[in-house]
>>> print(open('upload_28.pdb').read())   # PDB, C-alpha atoms
ATOM      1  CA  MET A  25     -15.417 -10.674  -2.828
ATOM      2  CA  GLU A  26     -16.833  -7.318  -3.984
ATOM      3  CA  PHE A  27     -17.897  -4.221  -2.097
ATOM      4  CA  ILE A  28     -19.499  -0.947  -3.151
ATOM      5  CA  LEU A  29     -18.522   2.231  -1.326
ATOM      6  CA  ASN A  30     -21.095   4.979  -1.743
ATOM      7  CA  SER A  31     -19.253   7.290   0.633
ATOM      8  CA  ILE A  32     -16.178   7.476   2.815
ATOM      9  CA  ASP A  33     -18.415   6.433   5.718
ATOM     10  CA  ASP A  34     -18.639   2.930   4.205
ATOM     11  CA  ILE A  35     -14.896   2.292   4.523
ATOM     12  CA  PRO A  36     -14.761   1.090   8.182
ATOM     13  CA  ALA A  37     -17.252  -1.749   7.649
ATOM     14  CA  VAL A  38     -15.483  -2.931   4.497
ATOM     15  CA  SER A  39     -12.103  -2.700   6.209
ATOM     16  CA  LYS A  40     -13.282  -4.947   9.026
ATOM     17  CA  GLU A  41     -14.696  -7.440   6.526
ATOM     18  CA  ILE A  42     -11.401  -7.605   4.669
ATOM     19  CA  ILE A  43      -9.451  -8.083   7.892
ATOM     20  CA  ALA A  44     -11.707 -11.050   8.677
ATOM     21  CA  GLN A  45     -10.793 -12.573   5.293
ATOM     22  CA  LEU A  46      -7.005 -12.115   5.503
ATOM     23  CA  VAL A  47      -5.032 -15.284   4.896
ATOM     24  CA  HIS A  48      -1.799 -14.013   3.332
ATOM     25  CA  PRO A  49       0.670 -11.470   4.794
ATOM     26  CA  VAL A  50       0.823  -9.357   1.619
ATOM     27  CA  ILE A  51      -1.969  -7.203   0.170
ATOM     28  CA  CYS A  52      -1.412  -5.479  -3.171
ATOM     29  CA  PHE A  53      -3.551  -2.383  -3.718
ATOM     30  CA  GLN A  54      -4.416  -1.573  -7.313
ATOM     31  CA  GLY A  55      -6.244   1.456  -8.619
ATOM     32  CA  GLU A  56      -5.697   4.667 -10.483
ATOM     33  CA  MET A  57      -4.171   7.736  -8.885
ATOM     34  CA  GLY A  58      -6.779   9.188  -6.537
ATOM     35  CA  ALA A  59      -8.859   5.998  -6.351
ATOM     36  CA  GLY A  60      -8.556   5.865  -2.566
ATOM     37  CA  LYS A  61      -5.807   3.319  -1.921
ATOM     38  CA  THR A  62      -4.105   5.330   0.809
ATOM     39  CA  THR A  63      -7.422   6.352   2.364
ATOM     40  CA  PHE A  64      -8.458   2.710   2.593
ATOM     41  CA  ILE A  65      -5.077   1.659   3.984
ATOM     42  CA  LYS A  66      -5.328   4.302   6.710
ATOM     43  CA  GLN A  67      -8.603   2.755   7.891
ATOM     44  CA  LEU A  68      -7.290  -0.794   7.577
ATOM     45  CA  VAL A  69      -4.207   0.012   9.666
ATOM     46  CA  LYS A  70      -6.371   1.726  12.278
ATOM     47  CA  ASP A  71      -8.685  -1.297  12.440
ATOM     48  CA  LEU A  72      -5.660  -3.558  12.910
ATOM     49  CA  GLY A  73      -4.837  -1.639  16.077
ATOM     50  CA  VAL A  74      -2.358   1.052  15.062
ATOM     51  CA  THR A  75      -2.788   4.201  17.117
ATOM     52  CA  ASP A  76      -0.020   6.235  15.438
ATOM     53  CA  GLN A  77      -0.684   8.822  12.745
ATOM     54  CA  VAL A  78      -0.815   6.997   9.396
ATOM     55  CA  SER A  79       0.441   8.786   6.298
ATOM     56  CA  SER A  80       1.371   7.960   2.743
ATOM     57  CA  PRO A  81       4.945   6.724   2.296
ATOM     58  CA  THR A  82       5.219   8.429  -1.103
ATOM     59  CA  PHE A  83       8.679   9.845  -0.423
ATOM     60  CA  SER A  84       9.961   7.382   2.180
ATOM     61  CA  ILE A  85       8.706   4.380   0.101
ATOM     62  CA  VAL A  86       7.833   2.443   3.280
ATOM     63  CA  ASN A  87       6.225   3.355   6.599
ATOM     64  CA  GLU A  88       6.298   0.994   9.553
ATOM     65  CA  TYR A  89       3.531   0.690  12.155
ATOM     66  CA  GLN A  90       3.385  -1.486  15.240
ATOM     67  CA  THR A  91       0.389  -3.236  16.798
ATOM     68  CA  ASP A  92       0.314  -5.476  19.870
ATOM     69  CA  GLN A  93       0.406  -8.487  17.563
ATOM     70  CA  LYS A  94       2.461  -7.562  14.493
ATOM     71  CA  THR A  95       4.362  -5.031  12.463
ATOM     72  CA  ILE A  96       2.646  -3.498   9.447
ATOM     73  CA  TYR A  97       4.621  -2.172   6.493
ATOM     74  CA  HIS A  98       2.941   0.263   4.110
ATOM     75  CA  PHE A  99       4.725   0.620   0.764
ATOM     76  CA  ASP A 100       4.126   3.178  -1.955
ATOM     77  CA  CYS A 101       6.146   1.957  -4.927
ATOM     78  CA  TYR A 102       4.965   4.687  -7.301
ATOM     79  CA  ARG A 103       8.307   6.495  -7.346
ATOM     80  CA  LEU A 104      10.444   3.396  -7.880
ATOM     81  CA  GLU A 105      12.184   3.411 -11.242
ATOM     82  CA  SER A 106      13.121  -0.289 -11.147
ATOM     83  CA  GLU A 107      12.847  -3.441  -9.086
ATOM     84  CA  GLU A 108      16.550  -3.002  -8.356
ATOM     85  CA  GLU A 109      15.672   0.031  -6.218
ATOM     86  CA  ALA A 110      13.383  -2.194  -4.159
ATOM     87  CA  TYR A 111      16.226  -4.670  -3.656
ATOM     88  CA  ASP A 112      18.433  -1.774  -2.555
ATOM     89  CA  PHE A 113      16.231  -1.050   0.458
ATOM     90  CA  GLY A 114      15.791  -4.742   1.288
ATOM     91  CA  ILE A 115      12.223  -5.329   0.198
ATOM     92  CA  GLU A 116      12.609  -9.114   0.285
ATOM     93  CA  GLU A 117      13.167  -8.929   4.053
ATOM     94  CA  TYR A 118       9.815  -7.194   4.418
ATOM     95  CA  LEU A 119       7.900  -9.398   1.972
ATOM     96  CA  TYR A 120       9.172 -12.649   3.451
ATOM     97  CA  GLY A 121       9.302 -11.543   7.081
ATOM     98  CA  ASP A 122       6.725 -11.769   9.843
ATOM     99  CA  GLY A 123       4.873  -8.506   9.203
ATOM    100  CA  LEU A 124       1.859  -7.562   7.143
ATOM    101  CA  CYS A 125       2.822  -5.787   3.907
ATOM    102  CA  LEU A 126       0.399  -3.334   2.273
ATOM    103  CA  ILE A 127       1.682  -2.374  -1.173
ATOM    104  CA  GLU A 128       0.478   0.477  -3.361
ATOM    105  CA  TRP A 129       1.569   0.357  -7.017
ATOM    106  CA  PRO A 130       2.637  -3.324  -6.857
ATOM    107  CA  SER A 131       3.102  -3.393 -10.652
ATOM    108  CA  LYS A 132       6.416  -1.587 -10.080
ATOM    109  CA  ILE A 133       7.753  -4.669  -8.255
ATOM    110  CA  ALA A 134       5.567  -7.361  -9.824
ATOM    111  CA  SER A 135       8.166 -10.128 -10.020
ATOM    112  CA  LEU A 136       9.098  -9.632  -6.350
ATOM    113  CA  ILE A 137       5.598 -10.159  -4.930
ATOM    114  CA  PRO A 138       5.216 -13.554  -3.190
ATOM    115  CA  ASP A 139       2.947 -16.041  -4.944
ATOM    116  CA  GLN A 140       0.654 -16.118  -1.931
ATOM    117  CA  HIS A 141      -0.854 -12.642  -1.660
ATOM    118  CA  HIS A 142      -4.150 -10.779  -1.746
ATOM    119  CA  VAL A 143      -5.145  -8.130  -4.262
ATOM    120  CA  LEU A 144      -7.499  -5.259  -3.469
ATOM    121  CA  THR A 145      -8.548  -3.419  -6.615
ATOM    122  CA  ILE A 146     -10.324  -0.084  -6.242
ATOM    123  CA  LEU A 147     -12.322   1.058  -9.256
ATOM    124  CA  GLN A 148     -13.807   4.535  -9.540
ATOM    125  CA  GLU A 149     -17.341   4.349 -10.903
ATOM    126  CA  ASP A 150     -19.273   7.620 -11.042
ATOM    127  CA  GLN A 151     -19.786   8.742  -7.436
ATOM    128  CA  GLN A 152     -18.863   5.409  -5.863
ATOM    129  CA  ARG A 153     -15.970   2.985  -5.579
ATOM    130  CA  ARG A 154     -16.083  -0.724  -6.310
ATOM    131  CA  LEU A 155     -13.591  -2.796  -4.329
ATOM    132  CA  ILE A 156     -12.638  -6.283  -5.440
ATOM    133  CA  PHE A 157     -10.765  -8.344  -2.862
ATOM    134  CA  GLU A 158      -9.046 -11.557  -3.908
TER     135      GLU A 158
END
>>> encode(input="upload_28.pdb", output="structure tokens")
Amino acid sequence: MEFILNSIDDIPAVSKEIIAQLVHPVICFQGEMGAGKTTFIKQLVKDLGVTDQVSSPTFSIVNEYQTDQKTIYHFDCYRLESEEEAYDFGIEEYLYGDGLCLIEWPSKIASLIPDQHHVLTILQEDQQRRLIFE
């Protein structure tokens, strides 16, 4: 499924469409630095019912948010030097638990990602973004 974002105002509608298509509890977000991964995740988490302030987990690696129905874990793996670091903080408990895992920079932990997952790729194209959701 593909979407074109011409402005930041297009994000809420696309977020809701992606939520309607969710089947797997892990979404891997791919895109270059500054592509809008965190911005999109903030909207997605809001649309899932989180009322807390949502921020990038760049330094904490993982942020946890609670909804009435589930726990959402937002990972930013950019700073990880190895998959071993992910094991050190117990990533397998998150990935194979009951929550929804949103992972930025999944290539840093590629072999740890469950087989059943979604991928949201954000491509910067001129003044717009193209999102590919699988």
>>> resolve_selection(input="upload_28.pdb", expression="the PyMOL selection byres ((chain A and resi 130) around 9)", output="tab-separated table (two decimals) with C-alpha atoms, in the frame of the given file")
chain	number	residue	atom	x	y	z
A	52	CYS	CA	-1.41	-5.48	-3.17
A	53	PHE	CA	-3.55	-2.38	-3.72
A	54	GLN	CA	-4.42	-1.57	-7.31
A	99	PHE	CA	4.72	0.62	0.76
A	100	ASP	CA	4.13	3.18	-1.96
A	101	CYS	CA	6.15	1.96	-4.93
A	102	TYR	CA	4.96	4.69	-7.30
A	127	ILE	CA	1.68	-2.37	-1.17
A	128	GLU	CA	0.48	0.48	-3.36
A	129	TRP	CA	1.57	0.36	-7.02
A	131	SER	CA	3.10	-3.39	-10.65
A	132	LYS	CA	6.42	-1.59	-10.08
A	133	ILE	CA	7.75	-4.67	-8.26
A	134	ALA	CA	5.57	-7.36	-9.82
A	137	ILE	CA	5.60	-10.16	-4.93
>>> atom_distance(input="upload_28.pdb", atom1="CA of Val86 (chain A)", atom2="CA of Gln45 (chain A)")
24.0 Å
>>> residues_around(input="upload_28.pdb", residues="region 56-72 of chain A", least_positions_apart="6", cutoff="7 Å", atoms="only C-alpha atoms", output="list in words")
Ile35, Pro36, Ser39, Lys40, Val78, Ser80, Ile146, Leu147 and Gln148 of chain A
>>> closest_residue(input="upload_28.pdb", among="A:Lys94, A:Met25, A:Ala110, A:Asn30", to="Gln152 (chain A)", atoms="all atoms listed in the file")
A:Asn30
>>> closest_residue(input="upload_28.pdb", among="A:Ile96, A:Leu155, A:Val38, A:Val143", to="Gly123 (chain A)", atoms="all atoms listed in the file")
A:Ile96
>>> atom_distance(input="upload_28.pdb", atom1="CA of Gln93 (chain A)", atom2="CA of Leu124 (chain A)")
10.6 Å
>>> residues_around(input="upload_28.pdb", residues="Thr95 (chain A)", least_positions_apart="5", cutoff="9 Å", atoms="only C-alpha atoms", output="list in words")
Glu88, Tyr89, Gln90, Asp122, Gly123, Leu124 and Cys125 of chain A
>>> residues_around(input="upload_28.pdb", residues="Phe157 (chain A)", least_positions_apart="6", cutoff="8 Å", atoms="all atoms listed in the file", output="mmCIF file with C-alpha atoms, in the frame of the given file")
data_model
loop_
_atom_site.group_PDB
_atom_site.id
_atom_site.type_symbol
_atom_site.label_atom_id
_atom_site.label_comp_id
_atom_site.auth_asym_id
_atom_site.auth_seq_id
_atom_site.Cartn_x
_atom_site.Cartn_y
_atom_site.Cartn_z
ATOM 1 C CA MET A 25 -15.417 -10.674 -2.828
ATOM 2 C CA GLU A 26 -16.833 -7.318 -3.984
ATOM 3 C CA ILE A 42 -11.401 -7.605 4.669
ATOM 4 C CA HIS A 142 -4.150 -10.779 -1.746
ATOM 5 C CA VAL A 143 -5.145 -8.130 -4.262
ATOM 6 C CA LEU A 144 -7.499 -5.259 -3.469
ATOM 7 C CA THR A 145 -8.548 -3.419 -6.615
#
>>> closest_residue(input="upload_28.pdb", among="A:Glu158, A:Leu136, A:Arg103, A:Leu46", to="Thr82 (chain A)", atoms="all atoms listed in the file")
A:Arg103
>>> atom_distance(input="upload_28.pdb", atom1="CA of Asp92 (chain A)", atom2="CA of Gly121 (chain A)")
16.8 Å
>>> closest_residue(input="upload_28.pdb", among="A:Gly55, A:Asp112, A:Asp34, A:Ala44", to="Glu149 (chain A)", atoms="all atoms listed in the file")
A:Gly55
>>> closest_residue(input="upload_28.pdb", among="A:Ser135, A:Gln140, A:Gln77, A:Ser84", to="Val47 (chain A)", atoms="only C-alpha atoms")
A:Gln140
>>> closest_residue(input="upload_28.pdb", among="A:His98, A:Arg153, A:His48, A:His141", to="Ile115 (chain A)", atoms="all atoms listed in the file")
A:His98
